[in-house]
Each structure stands twice: as structure tokens, then as C-alpha cells.
Amino acid sequence: MGQILGSTIRWFDTINDSMGMVTFGTVIMMFSNDIWQLDFTPRTWVRWMIYFDALAFLIEYIGTCANDLIPSCWQQNSYWLASDLIWSFKDAAKYGYITYKATTLSGYKTRVPCYSVAIISLILYWVLCIQSYGFTPPKCSSAFKSPIPRIVLYLYWTCVDVCASLMVVRKMAEGTRGAEGAFAAVIRVVQMREEARLLVASVGMSAVSALSIAGALDETLVTLNIWRMVFVYVQLLLVLGSQKVVVGNDGSSSAVKGKGLSVALNKSSAAGSVAGVRKKVTVSKSISEKE
């Protein structure tokens, strides 16, 4: 049993270290689908998230390949710290974007929560980096050892995930009330897709948080290394589930900027009604001319 568990742990470690390939593939997909443009508004933070993740993985892979050239612990810690600092911006962009989507869908116009969530995530991640890295040979021990920074960070991320999911599900449940016919069917299809995406993301992040907190409380506990595996696939879901935003020279968007699913669907329904009226008018004119 111990040998099987050991083999499983090694397999997960290997797969976990290879998750950068999924991120690199996501970047290729973004360029292929013409959704690579950036600006500094929260609506494109999902793209910043992928670019930061790809850059962090690239630094880690280059550093790992050059380990024989940089044998000192402070040198190795340097590239690991560089990767983690970039990942801190990646996670800040991710949770800021999740907050942006949830608040926009719920009808809130303020962007203060987006920036607040991102800044708090950055600060907590940087505290974790201080606790994790040292640069004084021979052992390069960190300034202090405590599980608290990691626990606080993952609990914070979990709270953001849960709150955002509740906001979106509540708003979409309200959006189906009073809708009839084809319009109700369209809302239900979109709702099921969004709920499934949020459920996968929520369950995955909850598992990561639970394992990370358990590992921080008990270092002897054997846990499977699934952190990056969950992170990169949740990020891929966010990219696939986000609206296409076309960034212009002035930073404007030619796509829907996200004023809520109900607004977008109402506009679509209204456009369909207008098209129907125009068709009826055309038919009436045609009949009149024949008479």
C-alpha cells in the first residue's frame, strides 16, 4: 500500500509540475481566437492572469533547468521568489476578475470591490513569500516560520470564491422569474452553463484550500500535490466563460462590457421583437402595393 501511495504521490508531483503546458496552451488559444488584447480595466484581468501565469512558469522552468549552474540556495530561492511574486499578481488579477464578474452580473457599477480584493490578495501573498524564503547561506532559512500566512491566504481566497458564486447564482435565479417561452429557455441554458462552471471552480478551489490548510497545520500529513492542476484548469474555465472583449486604441470595447446577463438577454429579446415588427411592416406594405 505504501508503494502504491508513493507512486501516486510522484505521479501527481510530475503532473503538477507540468501544468505550465496547459497555461502555455491557453495563451496560444487566446491568440488563435483573437482575445489577447489588454487594457487596465477589470474586464481584461482574466487575460493578465494568464500572461502572468505563463511568465511565472517560464521563469520556474528556466531556473529549474539551470539548477546545476546556480547551486547556492540563495540563487535558487531568487528565481523561485521571482516566480511567486509574479504568481501573486496572477492570483490578484484572478480574484479581482471573479469579483468584477459577480458584482457586474448583480448590477453593481462600483469597481471598488475588484481593486480591494486584488490588493488584499497581493498583500497576503507577499506576507507568505516573506515567511517562505530566506537568502542567508548555508540553509537560507526564512525570517520566521508560521502556518498562519498560508492559512489566512487560502481562507481569504475561499471566501471570495464562495461569495462570488452565491451572488451569481442568486442573480441568475432572479433572472428566470417572470420569463416565459423561448426567452426562459435561453436564460435556463445560460444559467446551467454558468452554474456548472462556478460549481467546478468552487469545488476545485475548496479542495485546494482544504489540502493547503491541512498541510500547513500538520507538515507530516501526506497530501496529493494538486494545487497547480486545479488553478490552471479553473483559469482556463474563466477564459472560456468570459465574454469576448475587443480593446480599441482608446481602450474602449466594441463588445458588451457586462452590465448583467439579464440586460444582455433583454437587449437580445428586444432586438428580436424589433426585427419581427419590421418584418410585419414589410409584409403589410407588400400586400398594400398588390391591392
# chains A, B, ... in the order shown; residues from 1 in each chain; ligands from 1
$ residues_around --residues "Thr136 in chain A" --least-positions-apart "4" --cutoff "8 Å" --atoms "only C-alpha atoms" --output "number ranges by chain"
A: 74, 140-141
$ closest_residue --among "A:Phe135, A:Leu166, A:Asp17, A:Lys90" --to "Gln75 in chain A" --atoms "only C-alpha atoms"
A:Phe135
$ closest_atom_pairs --of "range 72-162 of chain A" --to "range 47-61 of chain A" --cutoff "9 Å" --atoms "only C-alpha atoms" --output "Markdown table"
| residue | atom | partner | partner_atom | distance |
| --- | --- | --- | --- | --- |
| A:Tyr79 | CA | A:Glu60 | CA | 6.6 |
| A:Trp80 | CA | A:Glu60 | CA | 6.4 |
| A:Ala82 | CA | A:Ala56 | CA | 7.6 |
| A:Ser83 | CA | A:Ala56 | CA | 4.5 |
| A:Asp84 | CA | A:Ala56 | CA | 7.2 |
| A:Leu85 | CA | A:Ala56 | CA | 8.3 |
| A:Ile86 | CA | A:Ala56 | CA | 5.7 |
| A:Trp87 | CA | A:Asp53 | CA | 6.1 |
| A:Ser88 | CA | A:Phe52 | CA | 8.9 |
| A:Phe89 | CA | A:Phe52 | CA | 7.0 |
| A:Lys90 | CA | A:Met49 | CA | 4.5 |
| A:Asp91 | CA | A:Met49 | CA | 7.0 |
| A:Ala92 | CA | A:Met49 | CA | 8.1 |
| A:Ala93 | CA | A:Met49 | CA | 5.4 |
| A:Lys94 | CA | A:Met49 | CA | 5.8 |
| A:Tyr97 | CA | A:Met49 | CA | 9.0 |
$ write_last_selection --atoms "N, CA, C and O atoms" --output "JSON list (two decimals), in the first residue's frame"
[["chain", "number", "residue", "atom", "x", "y", "z"],
["A", 79, "TYR", "N", 15.06, 32.72, -8.03],
["A", 79, "TYR", "CA", 14.14, 32.51, -9.15],
["A", 79, "TYR", "C", 12.79, 31.98, -8.66],
["A", 79, "TYR", "O", 11.74, 32.26, -9.26],
["A", 80, "TRP", "N", 12.79, 31.22, -7.57],
["A", 80, "TRP", "CA", 11.52, 30.79, -7.01],
["A", 80, "TRP", "C", 10.71, 31.99, -6.49],
["A", 80, "TRP", "O", 9.50, 32.07, -6.67],
["A", 82, "ALA", "N", 11.01, 35.08, -7.56],
["A", 82, "ALA", "CA", 10.56, 35.84, -8.74],
["A", 82, "ALA", "C", 9.28, 35.24, -9.31],
["A", 82, "ALA", "O", 8.33, 35.97, -9.65],
["A", 83, "SER", "N", 9.23, 33.91, -9.40],
["A", 83, "SER", "CA", 8.02, 33.24, -9.89],
["A", 83, "SER", "C", 6.84, 33.50, -8.97],
["A", 83, "SER", "O", 5.73, 33.80, -9.42],
["A", 84, "ASP", "N", 7.08, 33.39, -7.66],
["A", 84, "ASP", "CA", 5.98, 33.58, -6.71],
["A", 84, "ASP", "C", 5.45, 35.01, -6.72],
["A", 84, "ASP", "O", 4.25, 35.24, -6.55],
["A", 85, "LEU", "N", 6.33, 35.98, -6.89],
["A", 85, "LEU", "CA", 5.88, 37.37, -6.95],
["A", 85, "LEU", "C", 4.99, 37.60, -8.17],
["A", 85, "LEU", "O", 3.98, 38.31, -8.09],
["A", 86, "ILE", "N", 5.36, 36.99, -9.30],
["A", 86, "ILE", "CA", 4.52, 37.11, -10.50],
["A", 86, "ILE", "C", 3.21, 36.37, -10.29],
["A", 86, "ILE", "O", 2.13, 36.84, -10.69],
["A", 87, "TRP", "N", 3.27, 35.20, -9.63],
["A", 87, "TRP", "CA", 2.04, 34.48, -9.33],
["A", 87, "TRP", "C", 1.14, 35.26, -8.38],
["A", 87, "TRP", "O", -0.08, 35.13, -8.42],
["A", 88, "SER", "N", 1.73, 36.09, -7.53],
["A", 88, "SER", "CA", 0.90, 36.91, -6.64],
["A", 88, "SER", "C", 0.06, 37.89, -7.45],
["A", 88, "SER", "O", -1.12, 38.12, -7.13],
["A", 89, "PHE", "N", 0.65, 38.46, -8.50],
["A", 89, "PHE", "CA", -0.12, 39.35, -9.38],
["A", 89, "PHE", "C", -1.16, 38.55, -10.18],
["A", 89, "PHE", "O", -2.26, 39.05, -10.45],
["A", 90, "LYS", "N", -0.79, 37.34, -10.55],
["A", 90, "LYS", "CA", -1.74, 36.49, -11.28],
["A", 90, "LYS", "C", -2.97, 36.19, -10.44],
["A", 90, "LYS", "O", -4.11, 36.32, -10.91],
["A", 91, "ASP", "N", -2.76, 35.81, -9.18],
["A", 91, "ASP", "CA", -3.90, 35.49, -8.32],
["A", 91, "ASP", "C", -4.69, 36.74, -7.96],
["A", 91, "ASP", "O", -5.92, 36.68, -7.80],
["A", 92, "ALA", "N", -4.01, 37.87, -7.83],
["A", 92, "ALA", "CA", -4.73, 39.12, -7.59],
["A", 92, "ALA", "C", -5.64, 39.45, -8.77],
["A", 92, "ALA", "O", -6.80, 39.85, -8.59],
["A", 93, "ALA", "N", -5.12, 39.26, -10.00],
["A", 93, "ALA", "CA", -5.94, 39.51, -11.19],
["A", 93, "ALA", "C", -7.10, 38.53, -11.27],
["A", 93, "ALA", "O", -8.22, 38.90, -11.64],
["A", 94, "LYS", "N", -6.85, 37.28, -10.90],
["A", 94, "LYS", "CA", -7.91, 36.26, -10.97],
["A", 94, "LYS", "C", -9.06, 36.58, -10.03],
["A", 94, "LYS", "O", -10.23, 36.60, -10.44],
["A", 97, "TYR", "N", -10.90, 39.69, -10.97],
["A", 97, "TYR", "CA", -11.80, 39.45, -12.11],
["A", 97, "TYR", "C", -13.05, 38.70, -11.67],
["A", 97, "TYR", "O", -14.17, 39.02, -12.12]]
$ residues_around --residues "Ala102 in chain A" --least-positions-apart "4" --cutoff "7 Å" --atoms "only C-alpha atoms" --output "ChimeraX atom specification"
/A:98,106,164,167-168
$ atom_distance --atom1 "CA of Ser212 in chain A" --atom2 "CA of Cys159 in chain A"
14.9 Å
$ decode --residues "range 62-155 of chain A" --atoms "C-alpha atoms" --output "PDB file, in the first residue's frame"
ATOM      1  CA  ILE A  62      14.329  28.090 -16.832  1.00  0.00           C
ATOM      2  CA  GLY A  63      15.537  28.216 -13.233  1.00  0.00           C
ATOM      3  CA  THR A  64      14.928  24.510 -12.716  1.00  0.00           C
ATOM      4  CA  CYS A  65      16.871  23.647 -15.872  1.00  0.00           C
ATOM      5  CA  ALA A  66      19.758  25.861 -14.670  1.00  0.00           C
ATOM      6  CA  ASN A  67      19.935  24.421 -11.146  1.00  0.00           C
ATOM      7  CA  ASP A  68      23.373  22.938 -11.822  1.00  0.00           C
ATOM      8  CA  LEU A  69      24.649  26.388 -12.801  1.00  0.00           C
ATOM      9  CA  ILE A  70      23.245  28.070  -9.675  1.00  0.00           C
ATOM     10  CA  PRO A  71      23.899  25.588  -6.851  1.00  0.00           C
ATOM     11  CA  SER A  72      23.690  28.115  -3.987  1.00  0.00           C
ATOM     12  CA  CYS A  73      20.431  28.139  -2.043  1.00  0.00           C
ATOM     13  CA  TRP A  74      20.059  31.917  -2.292  1.00  0.00           C
ATOM     14  CA  GLN A  75      20.359  31.745  -6.074  1.00  0.00           C
ATOM     15  CA  GLN A  76      17.699  29.065  -6.343  1.00  0.00           C
ATOM     16  CA  ASN A  77      15.455  30.913  -3.928  1.00  0.00           C
ATOM     17  CA  SER A  78      15.833  34.009  -6.097  1.00  0.00           C
ATOM     18  CA  TYR A  79      14.139  32.511  -9.146  1.00  0.00           C
ATOM     19  CA  TRP A  80      11.518  30.788  -7.008  1.00  0.00           C
ATOM     20  CA  LEU A  81      10.734  34.116  -5.344  1.00  0.00           C
ATOM     21  CA  ALA A  82      10.563  35.840  -8.738  1.00  0.00           C
ATOM     22  CA  SER A  83       8.023  33.244  -9.892  1.00  0.00           C
ATOM     23  CA  ASP A  84       5.980  33.578  -6.708  1.00  0.00           C
ATOM     24  CA  LEU A  85       5.881  37.368  -6.953  1.00  0.00           C
ATOM     25  CA  ILE A  86       4.520  37.108 -10.497  1.00  0.00           C
ATOM     26  CA  TRP A  87       2.039  34.475  -9.325  1.00  0.00           C
ATOM     27  CA  SER A  88       0.905  36.907  -6.639  1.00  0.00           C
ATOM     28  CA  PHE A  89      -0.122  39.348  -9.375  1.00  0.00           C
ATOM     29  CA  LYS A  90      -1.743  36.490 -11.282  1.00  0.00           C
ATOM     30  CA  ASP A  91      -3.896  35.489  -8.316  1.00  0.00           C
ATOM     31  CA  ALA A  92      -4.727  39.124  -7.592  1.00  0.00           C
ATOM     32  CA  ALA A  93      -5.938  39.507 -11.190  1.00  0.00           C
ATOM     33  CA  LYS A  94      -7.905  36.262 -10.974  1.00  0.00           C
ATOM     34  CA  TYR A  95      -9.803  37.084  -7.803  1.00  0.00           C
ATOM     35  CA  GLY A  96     -10.259  40.695  -8.862  1.00  0.00           C
ATOM     36  CA  TYR A  97     -11.801  39.453 -12.106  1.00  0.00           C
ATOM     37  CA  ILE A  98     -14.063  36.973 -10.282  1.00  0.00           C
ATOM     38  CA  THR A  99     -15.266  39.841  -8.083  1.00  0.00           C
ATOM     39  CA  TYR A 100     -15.781  42.036 -11.167  1.00  0.00           C
ATOM     40  CA  LYS A 101     -17.926  39.393 -12.878  1.00  0.00           C
ATOM     41  CA  ALA A 102     -20.004  38.752  -9.761  1.00  0.00           C
ATOM     42  CA  THR A 103     -20.651  42.424  -8.985  1.00  0.00           C
ATOM     43  CA  THR A 104     -21.356  43.319 -12.619  1.00  0.00           C
ATOM     44  CA  LEU A 105     -23.788  40.457 -13.022  1.00  0.00           C
ATOM     45  CA  SER A 106     -25.515  41.528  -9.815  1.00  0.00           C
ATOM     46  CA  GLY A 107     -25.978  45.049 -11.139  1.00  0.00           C
ATOM     47  CA  TYR A 108     -23.360  46.899  -9.078  1.00  0.00           C
ATOM     48  CA  LYS A 109     -21.474  49.573 -11.027  1.00  0.00           C
ATOM     49  CA  THR A 110     -18.759  50.308  -8.466  1.00  0.00           C
ATOM     50  CA  ARG A 111     -15.318  48.831  -9.126  1.00  0.00           C
ATOM     51  CA  VAL A 112     -14.029  49.368  -5.579  1.00  0.00           C
ATOM     52  CA  PRO A 113     -14.565  45.692  -4.574  1.00  0.00           C
ATOM     53  CA  CYS A 114     -12.495  44.487  -7.554  1.00  0.00           C
ATOM     54  CA  TYR A 115      -9.468  46.584  -6.645  1.00  0.00           C
ATOM     55  CA  SER A 116      -9.866  45.918  -2.917  1.00  0.00           C
ATOM     56  CA  VAL A 117      -9.943  42.135  -3.374  1.00  0.00           C
ATOM     57  CA  ALA A 118      -6.880  42.257  -5.671  1.00  0.00           C
ATOM     58  CA  ILE A 119      -4.836  44.460  -3.303  1.00  0.00           C
ATOM     59  CA  ILE A 120      -5.628  42.341  -0.233  1.00  0.00           C
ATOM     60  CA  SER A 121      -4.680  39.185  -2.139  1.00  0.00           C
ATOM     61  CA  LEU A 122      -1.356  40.783  -3.118  1.00  0.00           C
ATOM     62  CA  ILE A 123      -0.533  41.765   0.461  1.00  0.00           C
ATOM     63  CA  LEU A 124      -1.390  38.346   1.902  1.00  0.00           C
ATOM     64  CA  TYR A 125       0.647  36.581  -0.808  1.00  0.00           C
ATOM     65  CA  TRP A 126       3.663  38.818  -0.160  1.00  0.00           C
ATOM     66  CA  VAL A 127       3.485  38.046   3.572  1.00  0.00           C
ATOM     67  CA  LEU A 128       3.540  34.355   2.646  1.00  0.00           C
ATOM     68  CA  CYS A 129       6.635  34.961   0.478  1.00  0.00           C
ATOM     69  CA  ILE A 130       8.418  36.649   3.399  1.00  0.00           C
ATOM     70  CA  GLN A 131       7.611  33.631   5.537  1.00  0.00           C
ATOM     71  CA  SER A 132       8.771  31.150   2.877  1.00  0.00           C
ATOM     72  CA  TYR A 133      12.089  32.499   1.560  1.00  0.00           C
ATOM     73  CA  GLY A 134      15.475  33.324   3.013  1.00  0.00           C
ATOM     74  CA  PHE A 135      18.781  34.281   1.373  1.00  0.00           C
ATOM     75  CA  THR A 136      21.397  33.703   4.066  1.00  0.00           C
ATOM     76  CA  PRO A 137      23.618  30.631   3.451  1.00  0.00           C
ATOM     77  CA  PRO A 138      24.064  27.843   4.248  1.00  0.00           C
ATOM     78  CA  LYS A 139      20.385  26.884   4.689  1.00  0.00           C
ATOM     79  CA  CYS A 140      18.736  30.135   3.552  1.00  0.00           C
ATOM     80  CA  SER A 141      16.122  29.891   6.283  1.00  0.00           C
ATOM     81  CA  SER A 142      13.251  32.373   6.187  1.00  0.00           C
ATOM     82  CA  ALA A 143      12.789  35.192   8.670  1.00  0.00           C
ATOM     83  CA  PHE A 144      10.068  33.323  10.569  1.00  0.00           C
ATOM     84  CA  LYS A 145       8.188  30.043  10.364  1.00  0.00           C
ATOM     85  CA  SER A 146       4.432  30.002  10.807  1.00  0.00           C
ATOM     86  CA  PRO A 147       1.477  28.296   9.080  1.00  0.00           C
ATOM     87  CA  ILE A 148      -0.731  31.326   9.686  1.00  0.00           C
ATOM     88  CA  PRO A 149       0.084  33.293   6.453  1.00  0.00           C
ATOM     89  CA  ARG A 150      -0.764  30.313   4.233  1.00  0.00           C
ATOM     90  CA  ILE A 151      -3.954  29.522   6.147  1.00  0.00           C
ATOM     91  CA  VAL A 152      -5.127  33.141   6.054  1.00  0.00           C
ATOM     92  CA  LEU A 153      -4.405  33.453   2.316  1.00  0.00           C
ATOM     93  CA  TYR A 154      -6.305  30.308   1.348  1.00  0.00           C
ATOM     94  CA  LEU A 155      -9.210  31.104   3.658  1.00  0.00           C
TER      95      LEU A 155
END
